[in-house]
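One structure is given here, and the rest of the page talks about it.
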Protein chains: 2
Amino acid sequence: MDKPAAERLAAPAAKRARGRPRKTAEQRDDGNRRGELLRCAARLFRRQGFDATSTRDIAAAAGMRSGSPFYHFKTKAALLYAVMEEGMHGAIARQQQAVARAGPGLAPAALLQALVRNHFEVLLGAGSDFVPVMLYEYRSISTRQRSRLAQLQGAYEAPWIPVLAALQQEGRLRADVKLARLLIFGALNWSAQWYDRRQAAGLDELTAAALDLFLARPAGEAP
Amino acid sequence: MDKPAAERLAAPAAKRARGRPRKTAEQRDDGNRRGELLRCAARLFRRQGFDATSTRDIAAAAGMRSGSPFYHFKTKAALLYAVMEEGMHGAIARQQQAVARAGPGLAPAALLQALVRNHFEVLLGAGSDFVPVMLYEYRSISTRQRSRLAQLQGAYEAPWIPVLAALQQEGRLRADVKLARLLIFGALNWSAQWYDRRQAAGLDELTAAALDLFLARPAGEAP
DNA sequence: CCTACCGATCGGTAGG
DNA sequence: CCTACCGATCGGTAGG
């Protein structure tokens, strides 16, 4: 009775050792498997969409077996939400740094430039799949999660309002501030659809074009 | 031998007659079932996304059984493509009418206004799910279909370029024309994400805000 | 984190 | 356009 049982256990084990490639050092030890899952999920969600990406795809990209993502995330939807939340936290942190770097007492136009430039980086920079996923998969999360994200979005948008209001005071922005903010975010966000990192305009050039589009020439400057 | 066979046929037929609700006149005779399928698919694709909408959902919305959509469309992807193509044809036709209605010899700013206003109608007007589906499900079609749609998009975008170039000549548009077009379309297209028909701004107000945002005051006008 | 597996759903088809 | 059905895939789980 013992021998057959031992054989039943030994045979699959041997097969397994042959069938599964050995993991490299970076993949194994770091204990940072959850972060790796998030990065892989973000990249796949952006490229293929949430529904078109299976949890098996994500597991494979992270070097795991099909059931393992559910050790880190309760459901596929929870993984999506985590990607979005991570994206917003990163975007807010980057934005705060960008504003701080620009320094206080800066002219509103220069502040807007810093905000726009940072926004393009968050959207189009290297390794930035998280925020685009949030922008383009909003439909796939529950209303409960949506309202939690709306708070983070509010925090991200907050610094833009006074800047736009000041520019309107200066006479450099003619449109209604609230609608202007929506239209401006649209112009920027849509770039994730057409921007190609390998060609065409750089982020500086893009930023300049956006400011030229939105802002009138400062008073007293020659046309 | 004859009688049992007749019973086998009769019984399911009776069940069917009881289980399936009678169709009304409009649903039956018009021979326009394909168009109805397209409309239902567009609405569902827009609300839930392509992947999250099953062909069964679409069939049910059109009052059909699950297999019937495949009588009209070879695959689910072909149905999506048909929605997008229909959307573009409609948008181009509407745009040509809008430009013709505006009349020849119109000032570039007035022409841009007509184009923007029409674009908002195509995107946000009643019963306009087709173009938003094209904008937000571009990922879900093949590269072959994508390049066919790109031609239609080219036809749609064509009238915008000379108008923007003329505005730049007039000094009312400062940004690079090519990038300006991309940013402007982004600002408009993104409205499909946030615009709520039941509240807030009307399309006239939206159009005015967009023009205020993009265009500098005409030369000689008081600030 | 892996193995082995389940129930549900889905796109699509044959035949009428 | 309906009926009845198939094969594949998918999210998720129990048990280790």
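Following the order of the structure tokens, chains are lettered A, B, ..., residues in each are numbered from 1, and ligands are numbered from 1.
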
Counting only C-alpha atoms (C1' of nucleotides), what are the residues of chain D within 12 Å of chain B, and for each of them which pair of atoms is the nearest and at what distance in Å, to one decimal? Sort the table by chain and rising number, as CSV.
```
residue,atom,partner,partner_atom,distance
D:DC1,C1',B:Ser68,CA,5.9
D:DC2,C1',B:Arg65,CA,6.8
D:DT3,C1',B:Gly67,CA,9.1
D:DA4,C1',B:Gly67,CA,10.4
D:DC5,C1',B:Gly67,CA,11.1
```

Output C-alpha atoms (C1' of nucleotides) of each residue in that selection to a file, as a PDB file, in the first residue's frame.
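Wrote out_38.pdb, looks like this:
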```pdb
ATOM      1  C1'  DC D   1     -35.102  33.664 -37.930  1.00  0.00           C
ATOM      2  C1'  DC D   2     -35.550  29.630 -34.156  1.00  0.00           C
ATOM      3  C1'  DT D   3     -33.848  25.229 -31.782  1.00  0.00           C
ATOM      4  C1'  DA D   4     -30.581  22.712 -29.746  1.00  0.00           C
ATOM      5  C1'  DC D   5     -26.190  22.198 -29.077  1.00  0.00           C
TER       6       DC D   5
END
```

Wanna dump the chain A-chain B contacts at 9 Å for me, each residue with its shortest atom pair and the distance in Å to one decimal, counting only C-alpha atoms, ordered by chain and number, as a Markdown table?
```
| residue | atom | partner | partner_atom | distance |
| --- | --- | --- | --- | --- |
| A:Arg47 | CA | B:Arg139 | CA | 8.1 |
| A:Gln48 | CA | B:Arg139 | CA | 7.0 |
| A:Gly49 | CA | B:Arg139 | CA | 7.9 |
| A:Phe50 | CA | B:Asp51 | CA | 8.9 |
| A:Asp51 | CA | B:Asp51 | CA | 5.9 |
| A:Ala52 | CA | B:Asp51 | CA | 6.7 |
| A:Tyr136 | CA | B:Tyr136 | CA | 8.1 |
| A:Arg139 | CA | B:Gln48 | CA | 7.0 |
| A:Ser140 | CA | B:Gln48 | CA | 8.1 |
| A:Gly171 | CA | B:Pro223 | CA | 7.6 |
| A:Arg172 | CA | B:Ala216 | CA | 8.8 |
| A:Leu173 | CA | B:Leu213 | CA | 6.7 |
| A:Arg174 | CA | B:Asp212 | CA | 5.4 |
| A:Ala175 | CA | B:Asp212 | CA | 4.9 |
| A:Asp176 | CA | B:Ala209 | CA | 6.3 |
| A:Leu179 | CA | B:Ala209 | CA | 6.6 |
| A:Ala180 | CA | B:Leu213 | CA | 6.6 |
| A:Leu182 | CA | B:Ala187 | CA | 7.8 |
| A:Leu183 | CA | B:Ala187 | CA | 4.6 |
| A:Ile184 | CA | B:Ala187 | CA | 6.1 |
| A:Phe185 | CA | B:Ala187 | CA | 7.1 |
| A:Gly186 | CA | B:Ala187 | CA | 4.2 |
| A:Ala187 | CA | B:Ala187 | CA | 4.0 |
| A:Leu188 | CA | B:Leu183 | CA | 6.9 |
| A:Asn189 | CA | B:Gly186 | CA | 7.3 |
| A:Trp190 | CA | B:Gly186 | CA | 4.8 |
| A:Ser191 | CA | B:Gly186 | CA | 7.1 |
| A:Trp194 | CA | B:Leu182 | CA | 8.3 |
| A:Ala201 | CA | B:Leu179 | CA | 8.8 |
| A:Leu206 | CA | B:Leu179 | CA | 7.5 |
| A:Ala208 | CA | B:Ala175 | CA | 8.0 |
| A:Ala209 | CA | B:Ala175 | CA | 5.0 |
| A:Ala210 | CA | B:Leu183 | CA | 7.2 |
| A:Leu211 | CA | B:Ala175 | CA | 8.0 |
| A:Asp212 | CA | B:Ala175 | CA | 4.9 |
| A:Leu213 | CA | B:Ala175 | CA | 5.2 |
| A:Phe214 | CA | B:Leu213 | CA | 5.5 |
| A:Leu215 | CA | B:Leu213 | CA | 7.5 |
| A:Ala216 | CA | B:Ala216 | CA | 5.6 |
| A:Arg217 | CA | B:Ala216 | CA | 8.2 |
| A:Pro223 | CA | B:Gly171 | CA | 7.6 |
```

TODO: Find the spatial neighbours of region 8-15 of chain C, counting only C-alpha atoms (C1' of nucleotides), within a cut-off of 9 Å - ignore same-chain residues fewer than 4 positions away - and output them as a PyMOL selection string.
DONE: (chain B and resi 54-56+67+70+75-76) or (chain D and resi 5-6+8-10)

Would you export the selected residues with all heavy atoms as a compact mmCIF listing (two decimals), in the first residue's frame, please?
```
# COMPACT_ATOMS: atom_id res chain seq x y z
N SER B 54 -22.79 40.52 -24.41
CA SER B 54 -22.87 39.25 -25.13
C SER B 54 -23.81 39.37 -26.32
O SER B 54 -24.70 40.23 -26.34
CB SER B 54 -23.35 38.14 -24.19
OG SER B 54 -24.71 38.33 -23.89
N THR B 55 -23.60 38.51 -27.29
CA THR B 55 -24.50 38.51 -28.43
C THR B 55 -25.92 38.14 -27.98
O THR B 55 -26.89 38.52 -28.63
CB THR B 55 -24.03 37.50 -29.49
OG1 THR B 55 -23.88 36.22 -28.89
CG2 THR B 55 -22.70 37.94 -30.09
N ARG B 56 -26.02 37.44 -26.87
CA ARG B 56 -27.34 37.14 -26.31
C ARG B 56 -28.03 38.40 -25.80
O ARG B 56 -29.25 38.57 -25.96
CB ARG B 56 -27.20 36.11 -25.19
CG ARG B 56 -26.98 34.70 -25.68
CD ARG B 56 -26.44 33.81 -24.57
NE ARG B 56 -26.40 32.40 -24.94
CZ ARG B 56 -25.41 31.84 -25.64
NH1 ARG B 56 -24.40 32.58 -26.04
NH2 ARG B 56 -25.45 30.54 -25.92
N GLY B 67 -29.34 32.82 -31.25
CA GLY B 67 -28.53 32.54 -32.43
C GLY B 67 -28.77 33.48 -33.61
O GLY B 67 -28.01 33.48 -34.58
N PHE B 70 -26.50 36.08 -35.75
CA PHE B 70 -25.51 35.53 -36.68
C PHE B 70 -26.11 35.26 -38.05
O PHE B 70 -25.40 34.88 -38.98
CB PHE B 70 -24.90 34.26 -36.08
CG PHE B 70 -24.12 34.54 -34.82
CD1 PHE B 70 -24.70 34.36 -33.58
CD2 PHE B 70 -22.83 35.04 -34.89
CE1 PHE B 70 -23.99 34.64 -32.41
CE2 PHE B 70 -22.12 35.33 -33.75
CZ PHE B 70 -22.70 35.13 -32.49
N THR B 75 -19.93 37.54 -37.53
CA THR B 75 -19.33 37.42 -36.19
C THR B 75 -19.73 38.63 -35.35
O THR B 75 -20.24 39.64 -35.86
CB THR B 75 -17.80 37.38 -36.27
OG1 THR B 75 -17.34 38.64 -36.81
CG2 THR B 75 -17.30 36.24 -37.16
N LYS B 76 -19.46 38.52 -34.07
CA LYS B 76 -19.71 39.64 -33.17
C LYS B 76 -18.85 40.83 -33.55
O LYS B 76 -19.29 41.98 -33.49
CB LYS B 76 -19.41 39.20 -31.74
CG LYS B 76 -19.79 40.19 -30.67
CD LYS B 76 -19.23 39.76 -29.32
CE LYS B 76 -19.54 40.80 -28.24
NZ LYS B 76 -18.77 40.53 -27.00
P DC D 5 -30.41 19.12 -27.45
OP1 DC D 5 -30.62 17.66 -27.56
OP2 DC D 5 -30.83 19.86 -26.24
O5' DC D 5 -28.88 19.43 -27.72
C5' DC D 5 -28.40 19.34 -29.08
C4' DC D 5 -27.15 20.14 -29.25
O4' DC D 5 -27.43 21.55 -29.28
C3' DC D 5 -26.13 20.00 -28.10
O3' DC D 5 -25.18 19.02 -28.48
C2' DC D 5 -25.49 21.39 -28.02
C1' DC D 5 -26.19 22.20 -29.08
N1 DC D 5 -26.44 23.61 -28.70
C2 DC D 5 -25.74 24.62 -29.38
O2 DC D 5 -24.95 24.30 -30.27
N3 DC D 5 -25.94 25.92 -29.03
C4 DC D 5 -26.80 26.22 -28.06
N4 DC D 5 -26.98 27.50 -27.75
C5 DC D 5 -27.54 25.21 -27.37
C6 DC D 5 -27.33 23.94 -27.71
P DC D 6 -24.04 18.57 -27.46
OP1 DC D 6 -24.00 17.10 -27.48
OP2 DC D 6 -24.25 19.28 -26.17
O5' DC D 6 -22.72 19.14 -28.11
C5' DC D 6 -22.67 19.38 -29.51
C4' DC D 6 -21.40 20.16 -29.82
O4' DC D 6 -21.68 21.58 -29.79
C3' DC D 6 -20.30 19.90 -28.81
O3' DC D 6 -19.08 19.66 -29.47
C2' DC D 6 -20.27 21.17 -27.97
C1' DC D 6 -20.81 22.24 -28.91
N1 DC D 6 -21.57 23.31 -28.20
C2 DC D 6 -21.26 24.66 -28.44
O2 DC D 6 -20.37 24.94 -29.24
N3 DC D 6 -21.97 25.61 -27.79
C4 DC D 6 -22.94 25.25 -26.94
N4 DC D 6 -23.61 26.22 -26.31
C5 DC D 6 -23.25 23.89 -26.69
C6 DC D 6 -22.56 22.95 -27.33
P DA D 8 -12.08 22.52 -28.10
OP1 DA D 8 -10.99 22.42 -29.08
OP2 DA D 8 -12.19 21.55 -26.98
O5' DA D 8 -12.07 24.00 -27.49
C5' DA D 8 -12.57 25.05 -28.29
C4' DA D 8 -12.54 26.33 -27.48
O4' DA D 8 -13.76 26.45 -26.72
C3' DA D 8 -11.38 26.40 -26.49
O3' DA D 8 -10.70 27.62 -26.66
C2' DA D 8 -12.06 26.28 -25.12
C1' DA D 8 -13.47 26.78 -25.39
N9 DA D 8 -14.51 26.16 -24.57
C8 DA D 8 -14.67 24.83 -24.32
N7 DA D 8 -15.69 24.54 -23.55
C5 DA D 8 -16.25 25.79 -23.27
C6 DA D 8 -17.36 26.18 -22.51
N6 DA D 8 -18.14 25.32 -21.85
N1 DA D 8 -17.64 27.49 -22.43
C2 DA D 8 -16.85 28.36 -23.10
N3 DA D 8 -15.78 28.11 -23.85
C4 DA D 8 -15.53 26.79 -23.90
P DT D 9 -9.43 27.98 -25.76
OP1 DT D 9 -8.50 28.74 -26.61
OP2 DT D 9 -9.00 26.76 -25.02
O5' DT D 9 -10.06 29.00 -24.71
C5' DT D 9 -10.93 30.02 -25.17
C4' DT D 9 -11.55 30.69 -23.96
O4' DT D 9 -12.57 29.83 -23.39
C3' DT D 9 -10.54 30.96 -22.84
O3' DT D 9 -10.58 32.34 -22.54
C2' DT D 9 -11.03 30.09 -21.68
C1' DT D 9 -12.51 29.94 -21.99
N1 DT D 9 -13.15 28.72 -21.44
C2 DT D 9 -14.32 28.85 -20.73
O2 DT D 9 -14.86 29.93 -20.54
N3 DT D 9 -14.86 27.67 -20.26
C4 DT D 9 -14.34 26.40 -20.44
O4 DT D 9 -14.91 25.42 -19.97
C5 DT D 9 -13.10 26.33 -21.19
C7 DT D 9 -12.46 25.01 -21.42
C6 DT D 9 -12.58 27.48 -21.64
P DC D 10 -9.51 33.02 -21.60
OP1 DC D 10 -8.89 34.11 -22.37
OP2 DC D 10 -8.67 31.95 -20.98
O5' DC D 10 -10.39 33.66 -20.45
C5' DC D 10 -11.78 33.93 -20.68
C4' DC D 10 -12.50 33.83 -19.36
O4' DC D 10 -13.01 32.49 -19.20
C3' DC D 10 -11.56 34.07 -18.18
O3' DC D 10 -11.90 35.28 -17.51
C2' DC D 10 -11.74 32.84 -17.28
C1' DC D 10 -12.97 32.16 -17.82
N1 DC D 10 -12.86 30.68 -17.69
C2 DC D 10 -13.88 29.98 -17.03
O2 DC D 10 -14.84 30.61 -16.59
N3 DC D 10 -13.77 28.64 -16.90
C4 DC D 10 -12.71 28.00 -17.40
N4 DC D 10 -12.65 26.67 -17.24
C5 DC D 10 -11.67 28.70 -18.09
C6 DC D 10 -11.78 30.04 -18.21
```

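Going from CA of Phe130 (chain B) over to CA of Ala98 (chain B), you cover 18.7 Å.
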
12 Å contact set for Ala93 (chain A), only C-alpha atoms (C1' of nucleotides), chain neighbours under 2 positions out, as a tab-separated table (two decimals) with all heavy atoms, in the first residue's frame:
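Contents of the output file result-v6.tsv:
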```tsv
chain	number	residue	atom	x	y	z
A	86	GLU	N	-3.50	52.89	-7.26
A	86	GLU	CA	-2.05	53.10	-7.35
A	86	GLU	C	-1.73	54.21	-8.35
A	86	GLU	O	-0.88	55.06	-8.11
A	86	GLU	CB	-1.38	51.78	-7.79
A	86	GLU	CG	0.06	51.88	-8.21
A	86	GLU	CD	1.00	51.74	-7.04
A	86	GLU	OE1	0.52	51.39	-5.94
A	86	GLU	OE2	2.20	51.99	-7.22
A	87	GLY	N	-2.43	54.19	-9.48
A	87	GLY	CA	-2.22	55.22	-10.49
A	87	GLY	C	-2.52	56.61	-9.95
A	87	GLY	O	-1.74	57.55	-10.17
A	88	MET	N	-3.62	56.76	-9.24
A	88	MET	CA	-3.98	58.07	-8.73
A	88	MET	C	-3.03	58.53	-7.64
A	88	MET	O	-2.65	59.71	-7.60
A	88	MET	CB	-5.42	58.05	-8.21
A	88	MET	CG	-6.48	58.15	-9.29
A	88	MET	SD	-6.15	59.44	-10.51
A	88	MET	CE	-6.26	60.93	-9.52
A	89	HIS	N	-2.65	57.63	-6.76
A	89	HIS	CA	-1.70	58.02	-5.71
A	89	HIS	C	-0.38	58.49	-6.32
A	89	HIS	O	0.18	59.50	-5.91
A	89	HIS	CB	-1.47	56.84	-4.75
A	89	HIS	CG	-2.57	56.66	-3.75
A	89	HIS	ND1	-3.05	55.43	-3.36
A	89	HIS	CD2	-3.32	57.57	-3.08
A	89	HIS	CE1	-4.04	55.59	-2.50
A	89	HIS	NE2	-4.22	56.87	-2.31
A	90	GLY	N	0.07	57.77	-7.31
A	90	GLY	CA	1.31	58.17	-7.98
A	90	GLY	C	1.18	59.51	-8.67
A	90	GLY	O	2.07	60.36	-8.59
A	91	ALA	N	0.05	59.71	-9.34
A	91	ALA	CA	-0.15	60.97	-10.07
A	91	ALA	C	-0.21	62.16	-9.11
A	91	ALA	O	0.37	63.22	-9.38
A	91	ALA	CB	-1.44	60.88	-10.87
A	95	GLN	N	2.45	65.19	-8.94
A	95	GLN	CA	1.98	66.55	-9.17
A	95	GLN	C	2.42	67.47	-8.05
A	95	GLN	O	2.82	68.62	-8.30
A	95	GLN	CB	0.44	66.54	-9.29
A	95	GLN	CG	-0.14	67.91	-9.55
A	95	GLN	CD	-1.62	67.84	-9.91
A	95	GLN	OE1	-1.99	67.89	-11.06
A	95	GLN	NE2	-2.46	67.75	-8.90
A	96	GLN	N	2.34	66.97	-6.83
A	96	GLN	CA	2.78	67.80	-5.69
A	96	GLN	C	4.25	68.16	-5.82
A	96	GLN	O	4.66	69.29	-5.58
A	96	GLN	CB	2.49	67.08	-4.38
A	96	GLN	CG	1.02	67.15	-3.98
A	96	GLN	CD	0.66	66.24	-2.83
A	96	GLN	OE1	1.42	65.32	-2.50
A	96	GLN	NE2	-0.49	66.46	-2.23
A	97	GLN	N	5.05	67.19	-6.23
A	97	GLN	CA	6.48	67.46	-6.43
A	97	GLN	C	6.68	68.49	-7.53
A	97	GLN	O	7.51	69.39	-7.41
A	97	GLN	CB	7.22	66.17	-6.80
A	97	GLN	CG	7.42	65.21	-5.63
A	97	GLN	CD	7.92	63.85	-6.10
A	97	GLN	OE1	8.47	63.73	-7.20
A	97	GLN	NE2	7.71	62.83	-5.28
A	98	ALA	N	5.93	68.33	-8.62
A	98	ALA	CA	6.10	69.25	-9.75
A	98	ALA	C	5.76	70.68	-9.34
A	98	ALA	O	6.46	71.63	-9.70
A	98	ALA	CB	5.21	68.82	-10.91
A	99	VAL	N	4.68	70.84	-8.57
A	99	VAL	CA	4.29	72.18	-8.13
A	99	VAL	C	5.33	72.74	-7.16
A	99	VAL	O	5.73	73.90	-7.25
A	99	VAL	CB	2.89	72.13	-7.47
A	99	VAL	CG1	2.59	73.45	-6.77
A	99	VAL	CG2	1.83	71.83	-8.51
A	100	ALA	N	5.79	71.89	-6.25
A	100	ALA	CA	6.80	72.33	-5.29
A	100	ALA	C	8.09	72.74	-6.00
A	100	ALA	O	8.72	73.75	-5.67
A	100	ALA	CB	7.09	71.22	-4.28
A	118	ASN	N	3.49	67.87	-16.28
A	118	ASN	CA	3.43	66.71	-15.39
A	118	ASN	C	2.32	65.75	-15.81
A	118	ASN	O	2.50	64.53	-15.78
A	118	ASN	CB	3.19	67.16	-13.95
A	118	ASN	CG	3.13	65.98	-12.99
A	118	ASN	OD1	4.13	65.33	-12.72
A	118	ASN	ND2	1.93	65.68	-12.50
A	119	HIS	N	1.20	66.30	-16.22
A	119	HIS	CA	0.08	65.46	-16.63
A	119	HIS	C	0.47	64.61	-17.84
A	119	HIS	O	0.16	63.42	-17.91
A	119	HIS	CB	-1.14	66.32	-16.96
A	119	HIS	CG	-2.43	65.55	-17.02
A	119	HIS	ND1	-3.04	65.05	-15.90
A	119	HIS	CD2	-3.21	65.18	-18.06
A	119	HIS	CE1	-4.15	64.40	-16.26
A	119	HIS	NE2	-4.28	64.47	-17.57
A	122	VAL	N	2.66	61.78	-16.63
A	122	VAL	CA	1.88	60.73	-15.95
A	122	VAL	C	1.17	59.84	-16.99
A	122	VAL	O	1.06	58.63	-16.83
A	122	VAL	CB	0.85	61.37	-14.99
A	122	VAL	CG1	-0.23	60.38	-14.60
A	122	VAL	CG2	1.56	61.91	-13.76
A	152	LEU	N	-10.04	60.84	-5.04
A	152	LEU	CA	-8.65	61.03	-5.43
A	152	LEU	C	-8.55	61.96	-6.64
A	152	LEU	O	-7.66	62.79	-6.74
A	152	LEU	CB	-8.01	59.68	-5.76
A	152	LEU	CG	-7.84	58.73	-4.56
A	152	LEU	CD1	-7.28	57.39	-5.01
A	152	LEU	CD2	-6.92	59.36	-3.53
A	155	ALA	N	-8.75	65.45	-5.54
A	155	ALA	CA	-7.47	65.94	-4.99
A	155	ALA	C	-6.51	66.30	-6.12
A	155	ALA	O	-5.76	67.27	-6.03
A	155	ALA	CB	-6.85	64.87	-4.09
A	156	TYR	N	-6.56	65.52	-7.19
A	156	TYR	CA	-5.66	65.80	-8.32
A	156	TYR	C	-6.06	67.07	-9.05
A	156	TYR	O	-5.22	67.86	-9.48
A	156	TYR	CB	-5.67	64.61	-9.28
A	156	TYR	CG	-4.69	64.76	-10.42
A	156	TYR	CD1	-3.36	64.40	-10.27
A	156	TYR	CD2	-5.10	65.26	-11.64
A	156	TYR	CE1	-2.45	64.55	-11.30
A	156	TYR	CE2	-4.20	65.42	-12.69
A	156	TYR	CZ	-2.88	65.06	-12.51
A	156	TYR	OH	-2.00	65.22	-13.54
```

Task: Separation of CA of Trp160 (chain B) from CA of Pro218 (chain A) in Å - done: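 The value is 26.9 Å.
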
- [ ] Using only C-alpha atoms (C1' of nucleotides), determine which residues lie at most 8 Å from Asp129 (chain A), disregarding the query and same-chain residues fewer than 3 positions distant; provide the list as a PyMOL selection string.
- [x] chain A and resi 42-43+46+87+123+132-133

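Here CA of Leu167 (chain A) stands at a distance of 9.2 Å from CA of Ala107 (chain A).
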
TODO: Check the DSSP output for the backbone and give back, as number ranges by chain, the residues of region 54-181 of chain B in alpha helix (DSSP H).
DONE: B: 55-61, 69-72, 76-102, 108-124, 130-136, 143-157, 160-169, 177-181
